[in-house]
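For reference, the structure discussed in these notes is given below.
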Amino acid sequence: MEDERDLVTFTDEEGNEFDLEVIDYFDHKGKEYAVLVDADLPEDPEEDFEVCIMEIVVNEEEDMEEFVPVSDDLLDELWAIAQKRMECWDCDADDCEGCEKLED
């Protein structure tokens, strides 16, 4: 059975819709963030692809989550966290010192 994908649909400046897949969520300094990639990733694992990090803001009036771009000032800090989290995906958390350091 295939894992269910967490897809989010966005609309660009020209009105075209496109999907991004959330590959990770994490909290940092009291806020929640999502790591997203193109829903149609290249099949070649060596091929480059873009990664996007967005803050998740709950819109209580409409009872939905909004994905908001993060500031350039914060992006480097969040990218370092996301990279470390991705490095720890395949490890055994009981033996990984890096995973323990990921807690906010």
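Lettering and numbering for the structure tokens are positional, with chains as A, B, ... in the shown order, residues counted from 1 in each chain, and ligands counted from 1 in the shown order.
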
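For Phe10 in chain A, the non-local neighbours within 10 Å, defined as residues at least 3 positions apart in the same chain or in other chains and counting only C-alpha atoms, are Leu7, Gly15, Asn16, Glu17, Phe18, Asp19, Leu20 and Phe67 of chain A.
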
Write out as a PyMOL selection string which residues come within 8 Å of Val22 in chain A when counting only C-alpha atoms, dropping same-chain ones fewer than 4 positions away.
chain A and resi 5-8+34-37

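Once Leu75 in chain A and its same-chain neighbours fewer than 3 positions away are set aside, His28, Tyr33, Val35, Val51, Cys52, Ile53, Met54, Glu55, Pro69, Val70, Ser71, Asp72, Leu78, Trp79, Ala80, Ile81, Ala82 and Gln83 of chain A remain within 12 Å of it when counting only C-alpha atoms.
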
Distance of CA of Ile56 in chain A from CA of Glu32 in chain A, expressed in Å to one decimal place:
5.5 Å

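The space between CA of Asp38 in chain A and CA of Glu60 in chain A spans 27.5 Å.
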
DSSP-assigned helix (DSSP H, G or I) among range 23-89 of chain A, expressed as a PyMOL selection string:
chain A and resi 72-87

Kindly export the residues of the current selection with N, CA and C atoms, as an mmCIF file, in the first residue's frame.
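Full text of again_8.cif as output:
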```
data_model
loop_
_atom_site.group_PDB
_atom_site.id
_atom_site.type_symbol
_atom_site.label_atom_id
_atom_site.label_comp_id
_atom_site.auth_asym_id
_atom_site.auth_seq_id
_atom_site.Cartn_x
_atom_site.Cartn_y
_atom_site.Cartn_z
ATOM 1 N N ASP A 72 13.628 36.198 4.415
ATOM 2 C CA ASP A 72 14.977 35.783 4.027
ATOM 3 C C ASP A 72 15.903 35.699 5.237
ATOM 4 N N ASP A 73 15.679 36.569 6.229
ATOM 5 C CA ASP A 73 16.506 36.570 7.430
ATOM 6 C C ASP A 73 16.383 35.258 8.202
ATOM 7 N N LEU A 74 15.211 34.662 8.199
ATOM 8 C CA LEU A 74 14.943 33.440 8.948
ATOM 9 C C LEU A 74 15.220 32.188 8.131
ATOM 10 N N LEU A 75 15.236 32.309 6.828
ATOM 11 C CA LEU A 75 15.332 31.141 5.957
ATOM 12 C C LEU A 75 16.588 30.310 6.197
ATOM 13 N N ASP A 76 17.749 30.937 6.358
ATOM 14 C CA ASP A 76 18.983 30.178 6.576
ATOM 15 C C ASP A 76 18.911 29.342 7.848
ATOM 16 N N GLU A 77 18.361 29.926 8.896
ATOM 17 C CA GLU A 77 18.226 29.217 10.174
ATOM 18 C C GLU A 77 17.294 28.010 10.026
ATOM 19 N N LEU A 78 16.154 28.205 9.358
ATOM 20 C CA LEU A 78 15.199 27.122 9.152
ATOM 21 C C LEU A 78 15.750 26.052 8.222
ATOM 22 N N TRP A 79 16.495 26.464 7.205
ATOM 23 C CA TRP A 79 17.067 25.507 6.266
ATOM 24 C C TRP A 79 18.063 24.595 6.984
ATOM 25 N N ALA A 80 18.850 25.139 7.898
ATOM 26 C CA ALA A 80 19.813 24.329 8.662
ATOM 27 C C ALA A 80 19.072 23.278 9.496
ATOM 28 N N ILE A 81 17.954 23.667 10.085
ATOM 29 C CA ILE A 81 17.154 22.713 10.866
ATOM 30 C C ILE A 81 16.580 21.633 9.961
ATOM 31 N N ALA A 82 16.017 22.043 8.829
ATOM 32 C CA ALA A 82 15.412 21.084 7.894
ATOM 33 C C ALA A 82 16.456 20.090 7.377
ATOM 34 N N GLN A 83 17.646 20.579 7.046
ATOM 35 C CA GLN A 83 18.697 19.680 6.555
ATOM 36 C C GLN A 83 19.068 18.655 7.613
ATOM 37 N N LYS A 84 19.218 19.087 8.845
ATOM 38 C CA LYS A 84 19.583 18.174 9.924
ATOM 39 C C LYS A 84 18.490 17.144 10.136
ATOM 40 N N ARG A 85 17.241 17.570 10.072
ATOM 41 C CA ARG A 85 16.126 16.632 10.227
ATOM 42 C C ARG A 85 16.130 15.590 9.109
ATOM 43 N N MET A 86 16.409 16.020 7.869
ATOM 44 C CA MET A 86 16.437 15.081 6.747
ATOM 45 C C MET A 86 17.584 14.085 6.887
ATOM 46 N N GLU A 87 18.710 14.523 7.434
ATOM 47 C CA GLU A 87 19.837 13.622 7.654
ATOM 48 C C GLU A 87 19.474 12.528 8.659
#
```
